[in-house]
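**Student:** Please see the structure below; I have some questions.
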There are 2 protein chains.
Amino acid sequence: MDEFSFINSIKPKEYHQSALIKGMGDDAAVFQPLTGSVVTAVDTFVEHVHFSRQTMKLFQAGYRALAANMSDLAAMGATPAFYLASVVVPDSLSIQDLYKIFSGMKDLANAYNMDLIGGDTVSGKVLTLSITVIGFVDDQQARYRHLARDGDVVFVTGTLGDAQAGYYILTHAGNYKNSPYYINRHRMPIPRVHFARALAHLDRVALNDISDGLANEAAEIAEASGTDMCLYADHIPVSPGFSQFPPALQRKWTFFGGEDFELLGTVAADQWEDIETAAAKTKTPVTKIGRVYSSQNHEPGRVFLYENNQKKVLHKEGYTHFR
Amino acid sequence: MDEFSFINSIKPKEYHQSALIKGMGDDAAVFQPLTGSVVTAVDTFVEHVHFSRQTMKLFQAGYRALAANMSDLAAMGATPAFYLASVVVPDSLSIQDLYKIFSGMKDLANAYNMDLIGGDTVSGKVLTLSITVIGFVDDQQARYRHLARDGDVVFVTGTLGDAQAGYYILTHAGNYKNSPYYINRHRMPIPRVHFARALAHLDRVALNDISDGLANEAAEIAEASGTDMCLYADHIPVSPGFSQFPPALQRKWTFFGGEDFELLGTVAADQWEDIETAAAKTKTPVTKIGRVYSSQNHEPGRVFLYENNQKKVLHKEGYTHFR
């Protein structure tokens with residue numbers, strides 16, 4: 001099968017989004033947002049760097065790549081609408097394999113009424129998925145990371161470190177409790193779209209999705225907002241049985257793990273109850289983990305960790321070169 | 001330098017588009033189209049498959065990748081506004097090299113007031129550029145390929161086959177006339193944005209950009225429109241000196257070459273003068289090369305070539321596997 005026939009074969013038979021005017025099948029897609037603003041992000045996933053067929057199936061690789069991108073939309077408070085997928089296909093990949101990737105994306109997309117409106121497959125040596133997502137958000141409701149204010153409550157959805165634990169289980173033989181749970185968190189993270197949308201009535205919320213670890217995302221919010229932030233170590237939510245892993249790894253995964261695609265947010269303290277209501281409504285666990293402060297006597301943007309009655313600076317983890 | 005610092009360093013200091021609300025620096029970009037519809041496309045370019053550092057510099061590879069995508073917007077009649085670039089960066093590439101790629105994109109983008117609103121660099125073995133472009137088009141003015149009608153004039157911008165000729169010159173030592181011209185056509189094609197925009201007052205135009213060769217693009221218009229098409233071989237525009245190349249190659253490049261990113265279009269015969277006016281206004285060479293016909297006694301979608309007083313079916317060229 002050639003690229004042209006393949007792309008034709010994955011072209012949706014019908015679309016969900018009424019904003020869509022022209023989907024796949026021309027030089028470009030055309031849509032008309034009915035209201036509000038357009039939100040868009042792109043992310044690329046390279047085999048052996050960002051995912052491995054040793055720890056997940058191709059269906060899951062497709063699912064996860066889209067989930068990670070949708071998580072960016074959730075972190076903006078946006079409703080996902082469209083995605084475009086560009087895939088570099090090595091010779092070793094069969095058409096059936098390629099269908100599995102697209103089918104993983106489609107499975108997740110369907111659950112959120114998202115439409116595939118652009119697709120592109122090209123030859124190359126390394127399987128690479130590059131996904132662009134497009135969503136809509138009502139004006140004034142975009143959840144920028146610079147919106148944290150002095151006195152805000154800091155909260156996080158779900159539990160942290162699970163995806164890394166799942167990856168660890170898959171790559172370190174052993175006898176673990178709740179293995180399927182952890183493995184699933186690595187392979188098929190849930191973008192917190194419903195929860196973020198349930199906050200739409202709030203006038204101000206800062207949100208980041210935790211793709212690069214709690215410490216880094218907290219620093220991004222604090223730096224962008226010109227505030228400091230303090231997190232309480234014993235409030236950070238982890239899943240039952242997390243203590244089975246070596247303590248150093250628990251700490252690493254919780255603060256620097258990322259890839260759980262949970263949301264980190266801040267909101268005015270008197271609106272914390274609204275966050276709890278949204279959490280209950282969307283069945284999303286939410287935990288209060290800290291406070292936003294004005295910076296004192298130093299450049300703003302610091303994140304502190306309160307642990308064992310001590311307050312210490314929580315440093316960002318160094319990024320590895322371009323990984 | 002880590003990814004984070006690099007992305008920060010290429011973040012535009014200022015943006016051109018008033019539609020933009022939030023550029024780079026959050027989980028996603030936000031914009032609000034002031035009028036009309038949003039047009040979007042994605043394309044990926046892999047080193048050694050779609051471009052080679054043997055025939056172009058990194059600056060040109062960046063330029064060309066964006067040009068190819070902008071050409072898709074031109075083919076929809078859209079005005080380019082934004083682009084998102086996701087780059088897979090091998091270890092062998094220096095930061096300076098990476099700047100050259102982004103600088104090639106920026107050079108072209110600036111000429112069209114396009115803003116970079118999303119960027120992502122990841123590690124990988126093979127240099128890969130994945131670009132998403134976003135543009136705007138007024139409603140009813142999108143130039144779909146299904147809009148050809150019986151009796152339409154078929155036209156093409158520029159000259160065909162030049163990009164392939166340039167690539168040939170660069171890969172086959174010899175003494176060629178107009179080498180710099182051909183080489184430039186391979187390295188730095190001009191997306192026909194201005195010409196396409198100058199057609200905005202016309203009520204119906206079908207457009208495709210010639211990325212996969214004249215024969216294939218003509219067939220796409222004919223198939224989508226449910227018509228046939230006849231092209232006149234001796235009308236197909238080639239550049240001065242094109243006859244210096246072997247006749248078989250001339251033919252191959254002209255009909256199947258692609259990558260010139262010229263526009264192929266059809267318009268009602270009584271509006272041909274408007275096409276000529278738009279061409280003159282935007283200094284774009286344009287040539288009438290055929291006619292659209294109702295299909296007779298067969299499934300529509302055929303393209304015929306009139307050559308040496310004979311009318312023969314012009315077959316599409318087989319696509320190589322996923323290339």
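Just so we're on the same page: first chain in the structure tokens is A, next is B, and so on; residues restart at 1 for each chain, and ligands are numbered from 1 in the order they show up.
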Would you write out, as CSV, a table of all residues in chain B that have an atom no more than 8 Å from an atom of chain A, listing for each the closest atom pair and the distance in Å to one decimal, considering only C-alpha atoms and ordering rows by chain and rising residue number?
**Tutor:**
residue,atom,partner,partner_atom,distance
B:Met1,CA,A:His321,CA,6.9
B:Asp2,CA,A:His321,CA,4.9
B:Glu3,CA,A:Phe322,CA,4.6
B:Phe4,CA,A:Tyr319,CA,7.6
B:Asp26,CA,A:Arg145,CA,6.6
B:Asp27,CA,A:Asp72,CA,5.1
B:Ala28,CA,A:Ala41,CA,4.7
B:Ala29,CA,A:Thr40,CA,5.3
B:Val30,CA,A:Val39,CA,4.5
B:Phe31,CA,A:Val38,CA,5.3
B:Gln32,CA,A:Ser37,CA,4.6
B:Pro33,CA,A:Ser37,CA,7.5
B:Gly36,CA,A:Gln32,CA,7.0
B:Ser37,CA,A:Gln32,CA,4.6
B:Val38,CA,A:Phe31,CA,5.3
B:Val39,CA,A:Val30,CA,4.5
B:Thr40,CA,A:Ala29,CA,5.3
B:Ala41,CA,A:Ala28,CA,4.7
B:Val42,CA,A:Gly118,CA,6.8
B:Asp43,CA,A:Asp120,CA,6.4
B:Thr44,CA,A:Ser86,CA,6.5
B:Phe45,CA,A:Val122,CA,7.9
B:Val46,CA,A:Gly124,CA,6.4
B:Val49,CA,A:Gly124,CA,6.7
B:Asp72,CA,A:Asp27,CA,5.1
B:Leu73,CA,A:Ala28,CA,6.7
B:Ala75,CA,A:Asp27,CA,6.5
B:Met76,CA,A:Asp27,CA,6.7
B:Leu84,CA,A:Val42,CA,6.9
B:Ala85,CA,A:Val42,CA,7.7
B:Ser86,CA,A:Thr44,CA,6.5
B:Val87,CA,A:Thr44,CA,7.9
B:Val88,CA,A:Thr44,CA,7.8
B:Val89,CA,A:Phe322,CA,7.4
B:Gly118,CA,A:Ala41,CA,6.3
B:Gly119,CA,A:Val42,CA,7.4
B:Asp120,CA,A:Asp43,CA,6.4
B:Thr121,CA,A:Phe322,CA,6.4
B:Val122,CA,A:Phe322,CA,5.1
B:Ser123,CA,A:Arg323,CA,4.8
B:Gly124,CA,A:Val46,CA,6.4
B:Lys125,CA,A:Val126,CA,7.5
B:Val126,CA,A:Val126,CA,7.3
B:Ser130,CA,A:Ser130,CA,6.9
B:Thr132,CA,A:Thr132,CA,7.3
B:Tyr144,CA,A:Asp26,CA,6.6
B:Arg145,CA,A:Asp26,CA,6.6
B:Asn208,CA,A:Asp27,CA,6.8
B:Asp209,CA,A:Asp27,CA,7.5
B:Tyr319,CA,A:Asp2,CA,6.0
B:Thr320,CA,A:Asp2,CA,6.5
B:His321,CA,A:Asp2,CA,4.9
B:Phe322,CA,A:Glu3,CA,4.7
B:Arg323,CA,A:Ser123,CA,4.8
**Student:** As an MDAnalysis selection string, please: every residue in stretch 96-269 of chain B that a backbone DSSP assignment puts in helix (DSSP H, G or I).
**Tutor:** chainID B and resid 96:111 145:147 162:171 179:187 193:197 214:225 233:235 242:244 247:256 269
**Student:** Just how far from atom CA of A:Arg64 is atom CA of A:Met114, in Å to one decimal?
**Tutor:**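 These atoms are spaced 14.9 Å apart.
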**Student:** I'd like the interatomic distance between atom CA of A:Thr55 and atom CA of A:Thr287, to a tenth of an Å.
**Tutor:**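 Calculated distance between atom CA of A:Thr55 and atom CA of A:Thr287 is 29.6 Å.
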**Student:** List as a list of chain:residue names the protein and nucleic acid residues near B:Ser239, meaning an atom at most 9 Å away when only C-alpha atoms are counted, but skip any in the same chain fewer than 2 places from it.
**Tutor:** B:Gly158, B:Thr159, B:Leu160, B:Gly161, B:Asp162, B:Pro237, B:Gly241, B:Phe242, B:Ser243
**Student:** Which of these, B:Asn297, B:Ser94, B:Asn110, B:Ser103, has the shortest distance to B:Ile10 once you count only C-alpha atoms?
**Tutor:**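 Among the listed residues, the smallest separation from B:Ile10 belongs to B:Ser103.
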**Student:** So that I can see what lies close to stretch 16-18 of chain A, please list as a list in words the residues with an atom at most 8 Å from it, counting only C-alpha atoms and leaving out residues fewer than 6 positions away in the same chain.
**Tutor:**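 Selected residues are Ala81, Asn113, Met114 and Asp115 of chain A.
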**Student:** So which residues touch stretch 258-272 of chain B within 9 Å, counting only C-alpha atoms, skipping near sequence neighbours fewer than 3 positions away, as a PyMOL selection string?
**Tutor:** chain B and resi 67-68+71-72+74-75+145+147-164+185-186+189-192+196+202+204-214+217-218+221+253-255+275-277+288+290-292
**Student:** Please determine, counting only C-alpha atoms, which residue among A:Ala173, A:Leu93, A:Ala219, A:Ala165 has the shortest atom-to-atom distance to A:Gln250.
**Tutor:**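 For A:Gln250, the nearest of the given residues is A:Ala165.
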**Student:** Write out as a VMD selection string the residues lying within 10 Å of B:His201, counting only C-alpha atoms and excluding same-chain residues fewer than 3 positions away.
**Tutor:** chain B and resid 141 197 to 198 204 274
**Student:** Identify, on the basis of only C-alpha atoms, every residue whose closest approach to B:His315 does not exceed 9 Å; exclude the query and any residue fewer than 4 positions from it along the same chain; express the result as a list in words.
**Tutor:**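 In the requested form, the answer reads Ala215, Asn216, Ala219, Arg302, Val303 and Phe304 of chain B.
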**Student:** Go ahead and save the residues from that selection, with N, CA and C atoms, as a compact mmCIF listing (two decimals), in the first residue's frame.
**Tutor:**
# COMPACT_ATOMS: atom_id res chain seq x y z
N ALA B 215 1.06 15.49 -13.00
CA ALA B 215 0.12 14.42 -13.34
C ALA B 215 -0.73 14.03 -12.13
N ASN B 216 -0.08 13.88 -11.00
CA ASN B 216 -0.82 13.49 -9.79
C ASN B 216 -1.76 14.58 -9.31
N ALA B 219 -4.77 14.87 -11.53
CA ALA B 219 -5.70 13.76 -11.27
C ALA B 219 -6.48 14.00 -9.98
N ARG B 302 -10.32 11.25 -15.08
CA ARG B 302 -9.15 10.97 -15.93
C ARG B 302 -8.48 12.26 -16.38
N VAL B 303 -7.18 12.18 -16.52
CA VAL B 303 -6.42 13.29 -17.08
C VAL B 303 -5.82 12.83 -18.41
N PHE B 304 -6.06 13.61 -19.46
CA PHE B 304 -5.52 13.29 -20.77
C PHE B 304 -4.41 14.27 -21.13
